[in-house]
Amino acid sequence: MFDTLQRPVRDLRISVTDRCNFRCGYCMPKEIFNRNYEFLARDLLLRFEEITRVAGLLIDRGVEKIRLTGGEPLLRVELEKLVAMLAGLGEVDLTLTTNGSLLERKAEALATAGLSRVTVSLDSLDDDVFQAMNDVGFPVDRVLDGIEAAAAAGLGPVKVNAVVKRGVNDHTVVDMARHFQGTGQIVRFIEYMDVGATNGWRLEDVVPAGEIVASIGAELPCEPVQANYAGEVARRYRYLDGSGEFGVIASVTQPFCGACTRLRLSAEGSLYTCLFATEGHDVRQLIRAGGTDEELGAFLDEVWTRRTDRYSEVRSSETAELPKVEMSYIGG
Ligand code: SAM
Ligand code: SF4
Ligand code: SF4
């Protein structure tokens, strides 16, 4: 199944909740996501059976990788049950992106249920910087404990995502690279993006990936490596002393829409064909109206084959103002 730009559907990102216990300023700023904010009511969330049904139909259409995300996916009660159901669909690479706060407790159960790997978000190893970024005072050590627990449970190699924001944590990038060097865990530095409509994004707050690589390379000699597979979003660099690699995700300065094979399913069951989409396609309504597999399948085919998205290639200060959906809602 191909879209209008001849891109197949390969990756499915499933947001299992729009809630989170962190308030990262670049994603869910406290001023907006406070006690007056209306999160989705429980009955609006797709049930595990509904999620699994949509995932199964998409696997039939070419999906090979599924990533559970959110919001904070480990806040969804009994997430390991969903993991087991999705793992039961057969040959699919099943991963999870988490802020790591509940990972120490859950790693074992997730691995037993059939999760393949985890990605943990951690923006800095400097406690003051990290606590200010998550804005709920959550300490670095507990995320590191979560990473250790995941590796011990067999959910490695753990990838560690760090969003870099100018003047906030850019001075801690090299420390971060050094810390994970030689551990087998792979840190990936992400350019700060204009997702959603609440984070007040400005181009001058983005630290270009080229600058990140140069600052690491000045202290830890490294060279670029081939992508693991076509369409890999992270650009890889390996340390010349053989102590491992790191990556950069240059969504702003080096967009990769041409190879984008990702489809997103929101917590309430809308499909989004781009991280920067302004509207979704409601699959929950169709499911709950008793839609057959044929009807659902035809809907999925239509959504993907009509897809034209290439937001990052046409981004500008005007597009940053568009009424895009929040990342915590459709999943990062
Ligand atoms: N709560 C989980 C977590 O933080 O890992 C999963 C959801 S979160 C939305 C997924 C990823 O999106 C995280 O790695 C986060 O750092 C990244 N992210 C969120 N807002 C971003 C932004 N404005 N620019 C770049 N990455 C962002
Ligand atoms: Fe929560 Fe993840 Fe967004 Fe941070 S990036 S607010 S941890 S959903
Ligand atoms: Fe894919 Fe949209 Fe990101 Fe481009 S901007 S890489 S189409 S999600």
# chains A, B, ... in the order shown; residues from 1 in each chain; ligands from 1
>>> residues_near_ligand(ligand="ligand 2", cutoff="7 Å", atoms="only C-alpha atoms and all ligand atoms", output="CSV table (one decimal) with C-alpha atoms, in the first residue's frame")
chain,number,residue,atom,x,y,z
A,20,CYS,CA,1.5,12.3,31.5
A,21,ASN,CA,3.2,12.7,35.0
A,22,PHE,CA,5.8,15.1,33.5
A,23,ARG,CA,5.3,18.6,32.1
A,24,CYS,CA,8.2,19.0,29.7
A,27,CYS,CA,5.6,19.1,24.9
A,28,MET,CA,3.0,19.7,27.7
A,70,GLY,CA,1.7,8.8,24.6
A,71,GLY,CA,1.5,10.9,26.8
A,72,GLU,CA,3.2,8.6,29.2
A,98,THR,CA,8.7,6.2,27.9
A,99,ASN,CA,9.9,9.0,30.2
A,134,ASN,CA,10.4,17.9,33.2
A,328,SER,CA,1.0,14.2,23.8
>>> closest_atom_pairs(of="chain A", to="ligand 3", cutoff="12 Å", atoms="only C-alpha atoms and all ligand atoms", output="Markdown table")
| residue | atom | partner | partner_atom_place_in_ligand_line | distance |
| --- | --- | --- | --- | --- |
| A:Asp3 | CA | ligand 3 | 7 (S) | 11.0 |
| A:Thr4 | CA | ligand 3 | 7 (S) | 11.8 |
| A:Leu5 | CA | ligand 3 | 7 (S) | 10.3 |
| A:Arg7 | CA | ligand 3 | 7 (S) | 9.9 |
| A:Pro8 | CA | ligand 3 | 1 (Fe) | 11.9 |
| A:Val9 | CA | ligand 3 | 1 (Fe) | 11.0 |
| A:Arg10 | CA | ligand 3 | 1 (Fe) | 11.8 |
| A:Asp11 | CA | ligand 3 | 1 (Fe) | 10.7 |
| A:Leu12 | CA | ligand 3 | 8 (S) | 11.4 |
| A:Arg13 | CA | ligand 3 | 8 (S) | 10.8 |
| A:Met193 | CA | ligand 3 | 5 (S) | 10.0 |
| A:Asp194 | CA | ligand 3 | 5 (S) | 10.3 |
| A:Val195 | CA | ligand 3 | 5 (S) | 9.7 |
| A:Gly231 | CA | ligand 3 | 6 (S) | 9.7 |
| A:Glu232 | CA | ligand 3 | 6 (S) | 10.6 |
| A:Val233 | CA | ligand 3 | 6 (S) | 8.3 |
| A:Ala234 | CA | ligand 3 | 6 (S) | 11.5 |
| A:Ile249 | CA | ligand 3 | 6 (S) | 10.7 |
| A:Ala250 | CA | ligand 3 | 6 (S) | 10.2 |
| A:Ser251 | CA | ligand 3 | 3 (Fe) | 7.1 |
| A:Val252 | CA | ligand 3 | 5 (S) | 9.0 |
| A:Thr253 | CA | ligand 3 | 5 (S) | 11.8 |
| A:Gln254 | CA | ligand 3 | 6 (S) | 10.0 |
| A:Pro255 | CA | ligand 3 | 6 (S) | 6.5 |
| A:Phe256 | CA | ligand 3 | 6 (S) | 5.1 |
| A:Cys257 | CA | ligand 3 | 4 (Fe) | 3.6 |
| A:Gly258 | CA | ligand 3 | 4 (Fe) | 7.2 |
| A:Ala259 | CA | ligand 3 | 6 (S) | 7.3 |
| A:Cys260 | CA | ligand 3 | 1 (Fe) | 4.5 |
| A:Thr261 | CA | ligand 3 | 1 (Fe) | 7.0 |
| A:Arg262 | CA | ligand 3 | 1 (Fe) | 6.4 |
| A:Leu263 | CA | ligand 3 | 8 (S) | 8.0 |
| A:Arg264 | CA | ligand 3 | 8 (S) | 8.9 |
| A:Tyr272 | CA | ligand 3 | 8 (S) | 8.9 |
| A:Thr273 | CA | ligand 3 | 8 (S) | 6.9 |
| A:Cys274 | CA | ligand 3 | 2 (Fe) | 3.8 |
| A:Leu275 | CA | ligand 3 | 8 (S) | 4.2 |
| A:Phe276 | CA | ligand 3 | 2 (Fe) | 5.8 |
| A:Ala277 | CA | ligand 3 | 2 (Fe) | 7.4 |
| A:Thr278 | CA | ligand 3 | 2 (Fe) | 11.0 |
| A:Trp304 | CA | ligand 3 | 7 (S) | 11.9 |
| A:Arg307 | CA | ligand 3 | 7 (S) | 9.1 |
| A:Thr308 | CA | ligand 3 | 7 (S) | 8.0 |
| A:Asp309 | CA | ligand 3 | 7 (S) | 4.7 |
| A:Arg310 | CA | ligand 3 | 7 (S) | 4.2 |
| A:Tyr311 | CA | ligand 3 | 5 (S) | 4.1 |
| A:Ser312 | CA | ligand 3 | 5 (S) | 4.2 |
| A:Glu313 | CA | ligand 3 | 4 (Fe) | 6.8 |
| A:Val314 | CA | ligand 3 | 5 (S) | 8.7 |
| A:Arg315 | CA | ligand 3 | 5 (S) | 8.4 |
| A:Thr319 | CA | ligand 3 | 5 (S) | 11.3 |
| A:Ala320 | CA | ligand 3 | 5 (S) | 11.8 |
| A:Lys324 | CA | ligand 3 | 2 (Fe) | 11.6 |
| A:Met327 | CA | ligand 3 | 8 (S) | 11.1 |
| A:Ile330 | CA | ligand 3 | 8 (S) | 11.1 |
| A:Gly331 | CA | ligand 3 | 8 (S) | 11.0 |
| A:Gly332 | CA | ligand 3 | 8 (S) | 9.5 |
>>> select_by_dssp(residues="region 7-236 of chain A", states="alpha helix (DSSP H)", output="VMD selection string")
chain A and resid 48 to 60 79 to 87 103 to 113 127 to 134 140 to 152 173 to 180 209 to 219
>>> residues_around(residues="Leu46 (chain A)", least_positions_apart="5", cutoff="8 Å", atoms="only C-alpha atoms", output="PDB file with all heavy atoms, in the first residue's frame")
ATOM      1  N   VAL A  16      -1.364   5.518  23.742  1.00  0.00           N
ATOM      2  CA  VAL A  16      -2.307   4.799  24.592  1.00  0.00           C
ATOM      3  C   VAL A  16      -2.940   5.686  25.662  1.00  0.00           C
ATOM      4  O   VAL A  16      -3.870   5.271  26.340  1.00  0.00           O
ATOM      5  CB  VAL A  16      -1.657   3.554  25.245  1.00  0.00           C
ATOM      6  CG1 VAL A  16      -1.334   2.504  24.185  1.00  0.00           C
ATOM      7  CG2 VAL A  16      -0.413   3.931  26.036  1.00  0.00           C
ATOM      8  N   ILE A  51      -7.579  -1.508  19.706  1.00  0.00           N
ATOM      9  CA  ILE A  51      -6.228  -1.169  19.228  1.00  0.00           C
ATOM     10  C   ILE A  51      -5.642  -2.359  18.478  1.00  0.00           C
ATOM     11  O   ILE A  51      -5.084  -2.219  17.379  1.00  0.00           O
ATOM     12  CB  ILE A  51      -5.302  -0.802  20.425  1.00  0.00           C
ATOM     13  CG1 ILE A  51      -5.764   0.500  21.084  1.00  0.00           C
ATOM     14  CG2 ILE A  51      -3.847  -0.702  19.970  1.00  0.00           C
ATOM     15  CD1 ILE A  51      -4.987   0.885  22.346  1.00  0.00           C
ATOM     16  N   ALA A 267      -4.874   8.223  21.053  1.00  0.00           N
ATOM     17  CA  ALA A 267      -5.460   7.479  22.170  1.00  0.00           C
ATOM     18  C   ALA A 267      -6.960   7.298  21.987  1.00  0.00           C
ATOM     19  O   ALA A 267      -7.537   6.312  22.421  1.00  0.00           O
ATOM     20  CB  ALA A 267      -5.148   8.201  23.477  1.00  0.00           C
ATOM     21  N   GLU A 268      -7.622   8.245  21.316  1.00  0.00           N
ATOM     22  CA  GLU A 268      -9.071   8.089  21.143  1.00  0.00           C
ATOM     23  C   GLU A 268      -9.425   7.521  19.769  1.00  0.00           C
ATOM     24  O   GLU A 268     -10.582   7.566  19.343  1.00  0.00           O
ATOM     25  CB  GLU A 268      -9.817   9.389  21.420  1.00  0.00           C
ATOM     26  CG  GLU A 268      -9.515  10.523  20.507  1.00  0.00           C
ATOM     27  CD  GLU A 268     -10.490  11.686  20.710  1.00  0.00           C
ATOM     28  OE1 GLU A 268     -11.619  11.470  21.199  1.00  0.00           O
ATOM     29  OE2 GLU A 268     -10.128  12.812  20.358  1.00  0.00           O
ATOM     30  N   GLY A 269      -8.426   6.999  19.070  1.00  0.00           N
ATOM     31  CA  GLY A 269      -8.746   6.253  17.868  1.00  0.00           C
ATOM     32  C   GLY A 269      -8.860   7.051  16.594  1.00  0.00           C
ATOM     33  O   GLY A 269      -9.647   6.707  15.715  1.00  0.00           O
ATOM     34  N   ARG A 284     -12.394   5.008  15.449  1.00  0.00           N
ATOM     35  CA  ARG A 284     -13.179   4.489  16.582  1.00  0.00           C
ATOM     36  C   ARG A 284     -14.679   4.464  16.263  1.00  0.00           C
ATOM     37  O   ARG A 284     -15.377   3.484  16.550  1.00  0.00           O
ATOM     38  CB  ARG A 284     -12.943   5.366  17.818  1.00  0.00           C
ATOM     39  CG  ARG A 284     -13.583   4.811  19.084  1.00  0.00           C
ATOM     40  CD  ARG A 284     -13.587   5.816  20.205  1.00  0.00           C
ATOM     41  NE  ARG A 284     -14.377   6.979  19.853  1.00  0.00           N
ATOM     42  CZ  ARG A 284     -14.197   8.177  20.354  1.00  0.00           C
ATOM     43  NH1 ARG A 284     -13.258   8.396  21.239  1.00  0.00           N
ATOM     44  NH2 ARG A 284     -14.961   9.195  19.974  1.00  0.00           N
TER      45      ARG A 284
END
>>> closest_residue(among="A:Phe299, A:Trp201, A:Phe130, A:Phe246", to="Leu322 (chain A)", atoms="only C-alpha atoms")
A:Trp201
>>> residues_around(residues="Gly182 (chain A)", least_positions_apart="5", cutoff="9 Å", atoms="only C-alpha atoms", output="PyMOL selection string")
chain A and resi 242-245
>>> residues_around(residues="Thr52 (chain A)", least_positions_apart="5", cutoff="12 Å", atoms="only C-alpha atoms", output="ChimeraX atom specification")
/A:12,14,16,46-47,57-59,66,68,81-90,265,269,287
>>> write_last_selection(atoms="N, CA, C and O atoms", output="compact mmCIF listing (two decimals), in the first residue's frame")
# COMPACT_ATOMS: atom_id res chain seq x y z
N LEU A 12 3.83 1.89 12.79
CA LEU A 12 2.61 2.36 13.45
C LEU A 12 2.96 2.82 14.85
O LEU A 12 3.58 2.09 15.62
N ILE A 14 1.33 4.07 18.32
CA ILE A 14 0.05 4.03 19.00
C ILE A 14 0.14 4.82 20.30
O ILE A 14 0.93 4.47 21.19
N VAL A 16 -1.36 5.52 23.74
CA VAL A 16 -2.31 4.80 24.59
C VAL A 16 -2.94 5.69 25.66
O VAL A 16 -3.87 5.27 26.34
N LEU A 46 -9.46 4.22 23.03
CA LEU A 46 -9.61 2.92 22.37
C LEU A 46 -9.30 1.83 23.37
O LEU A 46 -8.33 1.92 24.13
N ARG A 47 -10.10 0.78 23.38
CA ARG A 47 -9.83 -0.37 24.26
C ARG A 47 -8.73 -1.22 23.63
O ARG A 47 -8.46 -1.12 22.43
N LEU A 57 -4.99 -5.21 11.20
CA LEU A 57 -5.34 -4.85 9.81
C LEU A 57 -4.20 -4.08 9.15
O LEU A 57 -3.96 -4.20 7.94
N LEU A 58 -3.49 -3.29 9.95
CA LEU A 58 -2.37 -2.53 9.37
C LEU A 58 -1.16 -3.42 9.11
O LEU A 58 -0.40 -3.18 8.18
N ILE A 59 -0.98 -4.45 9.93
CA ILE A 59 0.10 -5.42 9.65
C ILE A 59 -0.18 -6.09 8.30
O ILE A 59 0.72 -6.26 7.48
N ILE A 66 5.79 -1.55 15.50
CA ILE A 66 4.78 -0.86 16.29
C ILE A 66 5.47 -0.23 17.50
O ILE A 66 6.25 -0.89 18.19
N LEU A 68 4.60 1.88 21.05
CA LEU A 68 3.61 2.39 21.99
C LEU A 68 4.16 3.68 22.59
O LEU A 68 5.32 3.74 22.99
N LYS A 81 -0.78 -6.05 29.22
CA LYS A 81 -1.80 -6.88 28.53
C LYS A 81 -1.88 -6.51 27.05
O LYS A 81 -1.99 -7.38 26.19
N LEU A 82 -1.83 -5.21 26.77
CA LEU A 82 -1.84 -4.77 25.36
C LEU A 82 -0.59 -5.28 24.65
O LEU A 82 -0.65 -5.73 23.50
N VAL A 83 0.55 -5.20 25.34
CA VAL A 83 1.80 -5.68 24.74
C VAL A 83 1.64 -7.15 24.35
O VAL A 83 1.99 -7.55 23.23
N ALA A 84 1.08 -7.95 25.25
CA ALA A 84 0.92 -9.38 24.95
C ALA A 84 -0.02 -9.58 23.76
O ALA A 84 0.22 -10.43 22.89
N MET A 85 -1.08 -8.79 23.69
CA MET A 85 -2.03 -8.94 22.58
C MET A 85 -1.38 -8.56 21.25
O MET A 85 -1.55 -9.25 20.24
N LEU A 86 -0.59 -7.49 21.26
CA LEU A 86 0.07 -7.06 20.02
C LEU A 86 1.17 -8.05 19.63
O LEU A 86 1.36 -8.35 18.45
N ALA A 87 1.87 -8.55 20.64
CA ALA A 87 2.94 -9.53 20.36
C ALA A 87 2.32 -10.78 19.73
O ALA A 87 2.96 -11.44 18.91
N GLY A 88 1.08 -11.06 20.09
CA GLY A 88 0.39 -12.23 19.57
C GLY A 88 0.01 -12.10 18.09
O GLY A 88 -0.41 -13.07 17.46
N LEU A 89 0.17 -10.89 17.55
CA LEU A 89 -0.19 -10.69 16.13
C LEU A 89 0.85 -11.27 15.19
O LEU A 89 0.64 -11.32 13.98
N GLY A 90 2.00 -11.66 15.76
CA GLY A 90 3.01 -12.31 14.90
C GLY A 90 4.27 -11.49 14.78
O GLY A 90 4.59 -10.70 15.66
N LEU A 265 -1.79 6.44 15.52
CA LEU A 265 -3.14 6.19 16.02
C LEU A 265 -3.26 6.87 17.38
O LEU A 265 -2.53 6.53 18.32
N GLY A 269 -8.43 7.00 19.07
CA GLY A 269 -8.75 6.25 17.87
C GLY A 269 -8.86 7.05 16.59
O GLY A 269 -9.65 6.71 15.72
N ILE A 287 -15.44 1.54 14.17
CA ILE A 287 -15.38 0.28 14.93
C ILE A 287 -16.64 0.14 15.79
O ILE A 287 -17.30 -0.89 15.79
>>> atom_distance(atom1="CA of Gly137 (chain A)", atom2="CA of Thr119 (chain A)")
21.1 Å
>>> select_by_dssp(residues="region 186-300 of chain A", states="strand (DSSP E or B)", output="MDAnalysis selection string")
chainID A and resid 186:191 206 222:225 235:239 245:249 262:265 270:272 281:282
>>> residues_around(residues="Ala107 (chain A)", least_positions_apart="3", cutoff="12 Å", atoms="only C-alpha atoms", output="mmCIF file with N, CA, C and O atoms, in the first residue's frame")
data_model
loop_
_atom_site.group_PDB
_atom_site.id
_atom_site.type_symbol
_atom_site.label_atom_id
_atom_site.label_comp_id
_atom_site.auth_asym_id
_atom_site.auth_seq_id
_atom_site.Cartn_x
_atom_site.Cartn_y
_atom_site.Cartn_z
ATOM 1 N N LEU A 74 3.238 4.283 30.170
ATOM 2 C CA LEU A 74 3.201 3.404 31.351
ATOM 3 C C LEU A 74 2.165 3.848 32.382
ATOM 4 O O LEU A 74 1.924 3.155 33.369
ATOM 5 N N LEU A 79 -0.777 -2.036 30.866
ATOM 6 C CA LEU A 79 -0.259 -1.920 29.503
ATOM 7 C C LEU A 79 0.351 -3.232 29.012
ATOM 8 O O LEU A 79 0.316 -3.540 27.824
ATOM 9 N N GLU A 80 0.901 -4.011 29.961
ATOM 10 C CA GLU A 80 1.532 -5.279 29.538
ATOM 11 C C GLU A 80 0.518 -6.210 28.865
ATOM 12 O O GLU A 80 0.888 -7.016 28.021
ATOM 13 N N VAL A 83 0.547 -5.200 25.343
ATOM 14 C CA VAL A 83 1.801 -5.683 24.743
ATOM 15 C C VAL A 83 1.640 -7.154 24.348
ATOM 16 O O VAL A 83 1.987 -7.554 23.231
ATOM 17 N N LEU A 96 8.535 0.620 22.773
ATOM 18 C CA LEU A 96 7.815 1.557 23.640
ATOM 19 C C LEU A 96 8.701 2.775 23.882
ATOM 20 O O LEU A 96 9.907 2.623 24.093
ATOM 21 N N THR A 98 9.137 5.867 26.550
ATOM 22 C CA THR A 98 8.672 6.227 27.891
ATOM 23 C C THR A 98 9.580 7.275 28.516
ATOM 24 O O THR A 98 10.756 7.369 28.156
ATOM 25 N N GLY A 100 10.462 6.946 31.458
ATOM 26 C CA GLY A 100 11.286 6.130 32.350
ATOM 27 C C GLY A 100 10.888 6.166 33.811
ATOM 28 O O GLY A 100 11.393 5.390 34.624
ATOM 29 N N SER A 101 9.927 7.024 34.182
ATOM 30 C CA SER A 101 9.625 7.209 35.602
ATOM 31 C C SER A 101 9.057 5.944 36.252
ATOM 32 O O SER A 101 9.240 5.724 37.440
ATOM 33 N N LEU A 102 8.345 5.128 35.486
ATOM 34 C CA LEU A 102 7.728 3.919 36.058
ATOM 35 C C LEU A 102 8.384 2.653 35.521
ATOM 36 O O LEU A 102 7.890 1.548 35.727
ATOM 37 N N LEU A 103 9.499 2.818 34.849
ATOM 38 C CA LEU A 103 10.083 1.697 34.120
ATOM 39 C C LEU A 103 10.724 0.657 35.037
ATOM 40 O O LEU A 103 10.641 -0.550 34.768
ATOM 41 N N GLU A 104 11.323 1.128 36.121
ATOM 42 C CA GLU A 104 11.988 0.179 37.016
ATOM 43 C C GLU A 104 10.979 -0.875 37.486
ATOM 44 O O GLU A 104 11.247 -2.059 37.521
ATOM 45 N N LEU A 110 6.839 -6.109 31.152
ATOM 46 C CA LEU A 110 6.761 -5.738 29.736
ATOM 47 C C LEU A 110 7.564 -6.716 28.879
ATOM 48 O O LEU A 110 7.122 -7.142 27.816
ATOM 49 N N ALA A 111 8.742 -7.074 29.385
ATOM 50 C CA ALA A 111 9.594 -8.011 28.640
ATOM 51 C C ALA A 111 8.908 -9.371 28.554
ATOM 52 O O ALA A 111 8.857 -9.994 27.486
ATOM 53 N N THR A 112 8.351 -9.827 29.661
ATOM 54 C CA THR A 112 7.666 -11.124 29.679
ATOM 55 C C THR A 112 6.491 -11.131 28.699
ATOM 56 O O THR A 112 6.212 -12.130 28.040
ATOM 57 N N ALA A 113 5.811 -9.975 28.591
ATOM 58 C CA ALA A 113 4.644 -9.899 27.704
ATOM 59 C C ALA A 113 5.026 -9.904 26.223
ATOM 60 O O ALA A 113 4.178 -10.086 25.365
ATOM 61 N N GLY A 114 6.319 -9.655 25.931
ATOM 62 C CA GLY A 114 6.740 -9.745 24.530
ATOM 63 C C GLY A 114 7.242 -8.448 23.914
ATOM 64 O O GLY A 114 7.423 -8.368 22.692
ATOM 65 N N LEU A 115 7.476 -7.420 24.752
ATOM 66 C CA LEU A 115 8.044 -6.176 24.211
ATOM 67 C C LEU A 115 9.464 -6.457 23.718
ATOM 68 O O LEU A 115 10.210 -7.206 24.347
ATOM 69 N N SER A 116 9.850 -5.863 22.570
ATOM 70 C CA SER A 116 11.197 -6.110 22.040
ATOM 71 C C SER A 116 12.247 -5.192 22.670
ATOM 72 O O SER A 116 13.321 -5.642 23.058
ATOM 73 N N ARG A 117 11.965 -3.897 22.723
ATOM 74 C CA ARG A 117 12.948 -2.915 23.190
ATOM 75 C C ARG A 117 12.251 -1.697 23.763
ATOM 76 O O ARG A 117 11.049 -1.531 23.551
ATOM 77 N N VAL A 118 13.011 -0.824 24.446
ATOM 78 C CA VAL A 118 12.440 0.452 24.885
ATOM 79 C C VAL A 118 13.337 1.620 24.480
ATOM 80 O O VAL A 118 14.551 1.460 24.350
ATOM 81 N N THR A 119 12.699 2.756 24.317
ATOM 82 C CA THR A 119 13.408 4.028 24.179
ATOM 83 C C THR A 119 13.025 4.860 25.397
ATOM 84 O O THR A 119 11.837 4.943 25.730
ATOM 85 N N VAL A 120 14.030 5.417 26.066
ATOM 86 C CA VAL A 120 13.753 6.213 27.257
ATOM 87 C C VAL A 120 14.153 7.660 26.985
ATOM 88 O O VAL A 120 15.245 7.922 26.479
ATOM 89 N N ASP A 145 17.826 4.430 36.789
ATOM 90 C CA ASP A 145 17.441 3.123 37.360
ATOM 91 C C ASP A 145 16.492 2.391 36.409
ATOM 92 O O ASP A 145 16.582 1.177 36.230
ATOM 93 N N GLY A 146 15.591 3.140 35.802
ATOM 94 C CA GLY A 146 14.645 2.550 34.842
ATOM 95 C C GLY A 146 15.391 1.987 33.631
ATOM 96 O O GLY A 146 15.080 0.894 33.143
ATOM 97 N N ILE A 147 16.379 2.721 33.160
ATOM 98 C CA ILE A 147 17.165 2.274 32.002
ATOM 99 C C ILE A 147 17.900 0.975 32.354
ATOM 100 O O ILE A 147 17.904 0.013 31.578
ATOM 101 N N GLU A 148 18.499 0.942 33.545
ATOM 102 C CA GLU A 148 19.202 -0.269 33.996
ATOM 103 C C GLU A 148 18.256 -1.457 34.073
ATOM 104 O O GLU A 148 18.563 -2.563 33.641
ATOM 105 N N ALA A 149 17.075 -1.216 34.654
ATOM 106 C CA ALA A 149 16.090 -2.296 34.810
ATOM 107 C C ALA A 149 15.662 -2.825 33.448
ATOM 108 O O ALA A 149 15.504 -4.037 33.250
ATOM 109 N N ALA A 150 15.506 -1.924 32.477
ATOM 110 C CA ALA A 150 15.090 -2.343 31.134
ATOM 111 C C ALA A 150 16.192 -3.191 30.499
ATOM 112 O O ALA A 150 15.914 -4.244 29.906
ATOM 113 N N ALA A 151 17.432 -2.747 30.637
ATOM 114 C CA ALA A 151 18.546 -3.510 30.049
ATOM 115 C C ALA A 151 18.621 -4.891 30.713
ATOM 116 O O ALA A 151 18.775 -5.913 30.031
ATOM 117 N N ALA A 152 18.446 -4.923 32.043
ATOM 118 C CA ALA A 152 18.527 -6.194 32.778
ATOM 119 C C ALA A 152 17.391 -7.142 32.373
ATOM 120 O O ALA A 152 17.556 -8.364 32.381
ATOM 121 N N ALA A 153 16.242 -6.570 32.011
ATOM 122 C CA ALA A 153 15.093 -7.406 31.630
ATOM 123 C C ALA A 153 15.188 -7.876 30.180
ATOM 124 O O ALA A 153 14.303 -8.580 29.695
ATOM 125 N N GLY A 154 16.232 -7.446 29.468
ATOM 126 C CA GLY A 154 16.408 -7.877 28.080
ATOM 127 C C GLY A 154 15.746 -6.951 27.077
ATOM 128 O O GLY A 154 15.508 -7.330 25.928
ATOM 129 N N LEU A 155 15.431 -5.707 27.507
ATOM 130 C CA LEU A 155 14.776 -4.757 26.606
ATOM 131 C C LEU A 155 15.789 -3.834 25.910
ATOM 132 O O LEU A 155 15.452 -2.737 25.480
ATOM 133 N N GLY A 156 17.036 -4.274 25.850
ATOM 134 C CA GLY A 156 18.081 -3.460 25.229
ATOM 135 C C GLY A 156 18.345 -3.890 23.808
ATOM 136 O O GLY A 156 17.740 -4.854 23.345
ATOM 137 N N VAL A 158 19.009 -0.234 24.920
ATOM 138 C CA VAL A 158 18.082 0.860 25.214
ATOM 139 C C VAL A 158 18.532 2.093 24.433
ATOM 140 O O VAL A 158 19.720 2.411 24.399
#
>>> atom_distance(atom1="CA of Val174 (chain A)", atom2="CA of Phe138 (chain A)")
21.7 Å
>>> closest_residue(among="A:Asp293, A:Asp93, A:Glu219, A:Glu191", to="ligand 1", atoms="only C-alpha atoms and all ligand atoms")
A:Glu191
>>> residues_around(residues="Tyr192 (chain A)", least_positions_apart="6", cutoff="12 Å", atoms="only C-alpha atoms", output="MDAnalysis selection string")
chainID A and resid 24:27 123 161:166 168:170 199:209 248:253
>>> atom_distance(atom1="CA of Phe2 (chain A)", atom2="CA of Arg61 (chain A)")
9.6 Å
>>> closest_residue(among="A:Gly210, A:Gly217, A:Gly62, A:Gly196", to="ligand 1", atoms="only C-alpha atoms and all ligand atoms")
A:Gly196
